Amino acid sequence: MPKLKPLLLGTVITAISSTNAIADVKINGFASIVGGVDLDEATFRNSPYDEDFSFKPESKFALQVSSSLGEGLSATAQIMARGSTDFKANFEWAYLSYELNDNLTLRSGRLRLPFYKYSDYLDVGFAYPWIRPPKAMYSLLFNTYDGVSLLSNFYAGGIDITTNIIYGNVEETFFKTTTPTEGKLEGFKGINVQFSKDWLSGYAAYMYGDVFIPQAGMVALADALDTNVPSLNLGTEVKIDNDVGSFIGLGITADLDQFLINAEYSEVTVDDSLLLDNSQWYVSLAYRLDSYTPYLTYQHTENEQNTEVASKLSAVPPLATTVQGAFDGQLFEYTATTLGVRYDFHPSAALKFEYNAFSEIVDVTAGWGTPTDKESSSNITISIDLVF
Amino acid sequence: MKTLILATSLLFSASAFSGISVIVHPSNPVELDQSEVARIFLGKMKSFPGAGQVIPVNQNEGNSQRADFETTILKKSGTQIKAYWSKLVFTGKGTPPKDVGNDADVIELIKANPSMIGYINDSSVTSDVKVVTTF
């Protein structure tokens, strides 16, 4: 036995030193197999399921290849196949990263927008207790941008502070489930600052940019306004024509021995458009009990009625009614209570089971409730999350 | 058979009665407390304080030293550590320390590289390495 050791060691040393000498290529991956079913006949837009049990809407597979080129330079690409897009593979991330020094890293390429606490690893189910981050909060329909990111990390007084400053563009199909429209966010810039000390961590994020989404219905309404009351110039106040969109996010996490408490809040606005200002928050409590982590989450999302444009049309009552109807058609509100459990049955895999009850639903365009008559719905999901 | 029993009992008594030593190259003048060691192994500290680059090396998954180190110094379970690294790996923000084997493998690597830091069972410590802290 002692004679074998040096040989074994030699192999390990060669493996490490040789991978350091030439390009060090790493392949990692993760997968989530998620199945779910709605417990009600009608489909609520924030439940991707329907009455038939399905594995498609939320299952995903991803492979990441990263190569260290030496001198702090590395290249990373993550390819993901989602059930929701028929497992068509797509580059979720693809970027070059350059470590300027121990505290600063510059990244360039396709990156994740740092909106929320879990934005960066939104798809890595293994990294969080739930089957998915709370949907009321994680509701923006785009996650990635093409541009640059400057990451910095500093440590002072026992506090780790990490910032991510971004600049870039987003090209995306918006309103995917209703009226798919190619749109873009240009000159999107922002900052996300995180701190952590012992068991406590938190973040604040602010981002803004010009939003352009020529959704057909909005454009038609704008044209009608410009034709009927050209003097008021109201068309631009309903369509999304390079309007300033902004995002504010705040979050706090307490990661104690057995308890994991998460709370986040965000506000999203797109000025001078039919889109209503919305705000959302959640609080989640998870309790670690050996291999089991039961959790409870409460979420809330709501947008605000906008009567500004219609009030300018008081001289033309039928038009005022049509415009107010268009704004009110965007009204959306619900709360959700999630009860679930994560079971770590393997060092690299977790099994999860979750029950979601949605209530106070107002989603006029999707045929769910009105501000005075709210509805409810629920679903059950089960998942296996892996990392490799 | 007797030697085997003796060896087994020695192995058990060793792991039951000794602690873990955090080790570096003998030429490395660094002084670290346990929270700094934790920051190094969690990828938060990339250089020795006042010195050069630091390369932490891990024991293989399943070794009791690794489990002890994770629970006592990193204050996280193996699953939590894996979840922690998956957050960094899939966002290009960090890579976990390499798994290099057992006590003897860690010593062999560290005695040849002043940038490395590792941890081994107290009873395995040799004059080839310097102990920074024990627990």
# chains A, B, ... in the order shown; residues from 1 in each chain; ligands from 1
>>> closest_atom_pairs(of="chain B", to="chain A", cutoff="9 Å", atoms="only C-alpha atoms", output="Markdown table")
| residue | atom | partner | partner_atom | distance |
| --- | --- | --- | --- | --- |
| B:Lys44 | CA | A:Asp160 | CA | 8.3 |
| B:Met45 | CA | A:Asp102 | CA | 8.3 |
| B:Lys46 | CA | A:Asp102 | CA | 6.3 |
| B:Ser47 | CA | A:Asp102 | CA | 7.5 |
| B:Gln53 | CA | A:Asp102 | CA | 9.0 |
| B:Lys75 | CA | A:Asp257 | CA | 8.4 |
| B:Lys76 | CA | A:Asp257 | CA | 8.3 |
| B:Gly78 | CA | A:Pro347 | CA | 7.2 |
| B:Thr79 | CA | A:Pro347 | CA | 5.8 |
| B:Gln80 | CA | A:Ala127 | CA | 8.4 |
| B:Lys82 | CA | A:Ser348 | CA | 7.4 |
| B:Ala83 | CA | A:Ala127 | CA | 4.5 |
| B:Tyr84 | CA | A:Ala127 | CA | 6.7 |
| B:Trp85 | CA | A:Ala127 | CA | 8.5 |
| B:Ser86 | CA | A:Ala127 | CA | 6.3 |
| B:Lys87 | CA | A:Tyr121 | CA | 5.8 |
| B:Leu88 | CA | A:Tyr121 | CA | 8.4 |
| B:Val89 | CA | A:Asn28 | CA | 8.0 |
| B:Phe90 | CA | A:Tyr121 | CA | 6.7 |
| B:Thr91 | CA | A:Asp120 | CA | 6.0 |
| B:Gly92 | CA | A:Thr76 | CA | 7.1 |
| B:Lys93 | CA | A:Leu151 | CA | 8.9 |
| B:Lys98 | CA | A:Ile16 | CA | 8.5 |
| B:Val100 | CA | A:Val12 | CA | 6.6 |
| B:Gly101 | CA | A:Val12 | CA | 8.2 |
| B:Ala104 | CA | A:Leu9 | CA | 8.6 |
| B:Asp105 | CA | A:Leu9 | CA | 6.0 |
| B:Glu108 | CA | A:Leu9 | CA | 7.4 |
| B:Leu109 | CA | A:Ile13 | CA | 6.9 |
>>> select_by_dssp(residues="segment 20-159 of chain A", states="strand (DSSP E)", output="NGL selection string")
:A and (24-38 or 60-70 or 73-82 or 88-99 or 104-112 or 144-156 or 159)
>>> residues_around(residues="Gly249 of chain A", least_positions_apart="6", cutoff="8 Å", atoms="only C-alpha atoms", output="ChimeraX atom specification")
/A:115-116,203-206,264-267
>>> residues_around(residues="Pro180 of chain A", least_positions_apart="4", cutoff="12 Å", atoms="only C-alpha atoms", output="list in words")
Leu141, Glu172, Thr173, Phe174, Phe175, Lys176, Ile213, Pro214, Gln215, Ala216 and Gly217 of chain A
>>> atom_distance(atom1="atom CA of Leu42 of chain B", atom2="atom CA of Ile33 of chain A")
28.7 Å
>>> atom_distance(atom1="atom CA of Ala336 of chain A", atom2="atom CA of Leu185 of chain A")
29.8 Å
>>> residues_around(residues="Ser35 of chain B", least_positions_apart="3", cutoff="8 Å", atoms="only C-alpha atoms", output="PyMOL selection string")
chain B and resi 38-39+73
>>> closest_residue(among="B:Ser124, B:Val131, B:Val57, B:Ile81", to="Asn28 of chain B", atoms="only C-alpha atoms")
B:Val131
>>> select_by_dssp(residues="segment 55-146 of chain A", states="helix (DSSP H, G or I)", output="PyMOL selection string")
chain A and resi 83-85+125-127
>>> write_last_selection(atoms="N, CA and C atoms", output="short mmCIF file (atom, residue, chain, number, x, y, z; two decimals), in the first residue's frame")
data_model
loop_
_atom_site.label_atom_id
_atom_site.label_comp_id
_atom_site.auth_asym_id
_atom_site.auth_seq_id
_atom_site.Cartn_x
_atom_site.Cartn_y
_atom_site.Cartn_z
N GLY A 83 -38.51 22.77 -21.18
CA GLY A 83 -39.71 22.08 -21.63
C GLY A 83 -40.71 23.04 -22.25
N SER A 84 -40.74 24.27 -21.72
CA SER A 84 -41.72 25.25 -22.21
C SER A 84 -41.46 25.65 -23.65
N THR A 85 -40.22 25.44 -24.13
CA THR A 85 -39.94 25.74 -25.54
C THR A 85 -39.55 24.46 -26.27
N GLY A 125 -32.52 24.90 -9.54
CA GLY A 125 -33.44 24.52 -8.46
C GLY A 125 -32.73 23.99 -7.23
N PHE A 126 -31.59 23.33 -7.45
CA PHE A 126 -30.85 22.74 -6.32
C PHE A 126 -30.37 23.81 -5.34
N ALA A 127 -30.23 25.06 -5.81
CA ALA A 127 -29.65 26.12 -4.99
C ALA A 127 -30.62 26.76 -4.00
#
>>> atom_distance(atom1="atom CA of Tyr282 of chain A", atom2="atom CA of Leu339 of chain A")
13.3 Å
>>> closest_residue(among="B:Phe69, B:Phe135, B:Phe41, B:Tyr119", to="His25 of chain B", atoms="only C-alpha atoms")
B:Tyr119
>>> residues_around(residues="Lys135 of chain A", least_positions_apart="3", cutoff="10 Å", atoms="only C-alpha atoms", output="count of residues only")
13
>>> residues_around(residues="Gly190 of chain A", least_positions_apart="4", cutoff="9 Å", atoms="only C-alpha atoms", output="list in words")
Pro114, Asn164, Ile165, Ile166, Tyr167, Ala205, Tyr206, Met207, Tyr208, Gly209 and Phe247 of chain A
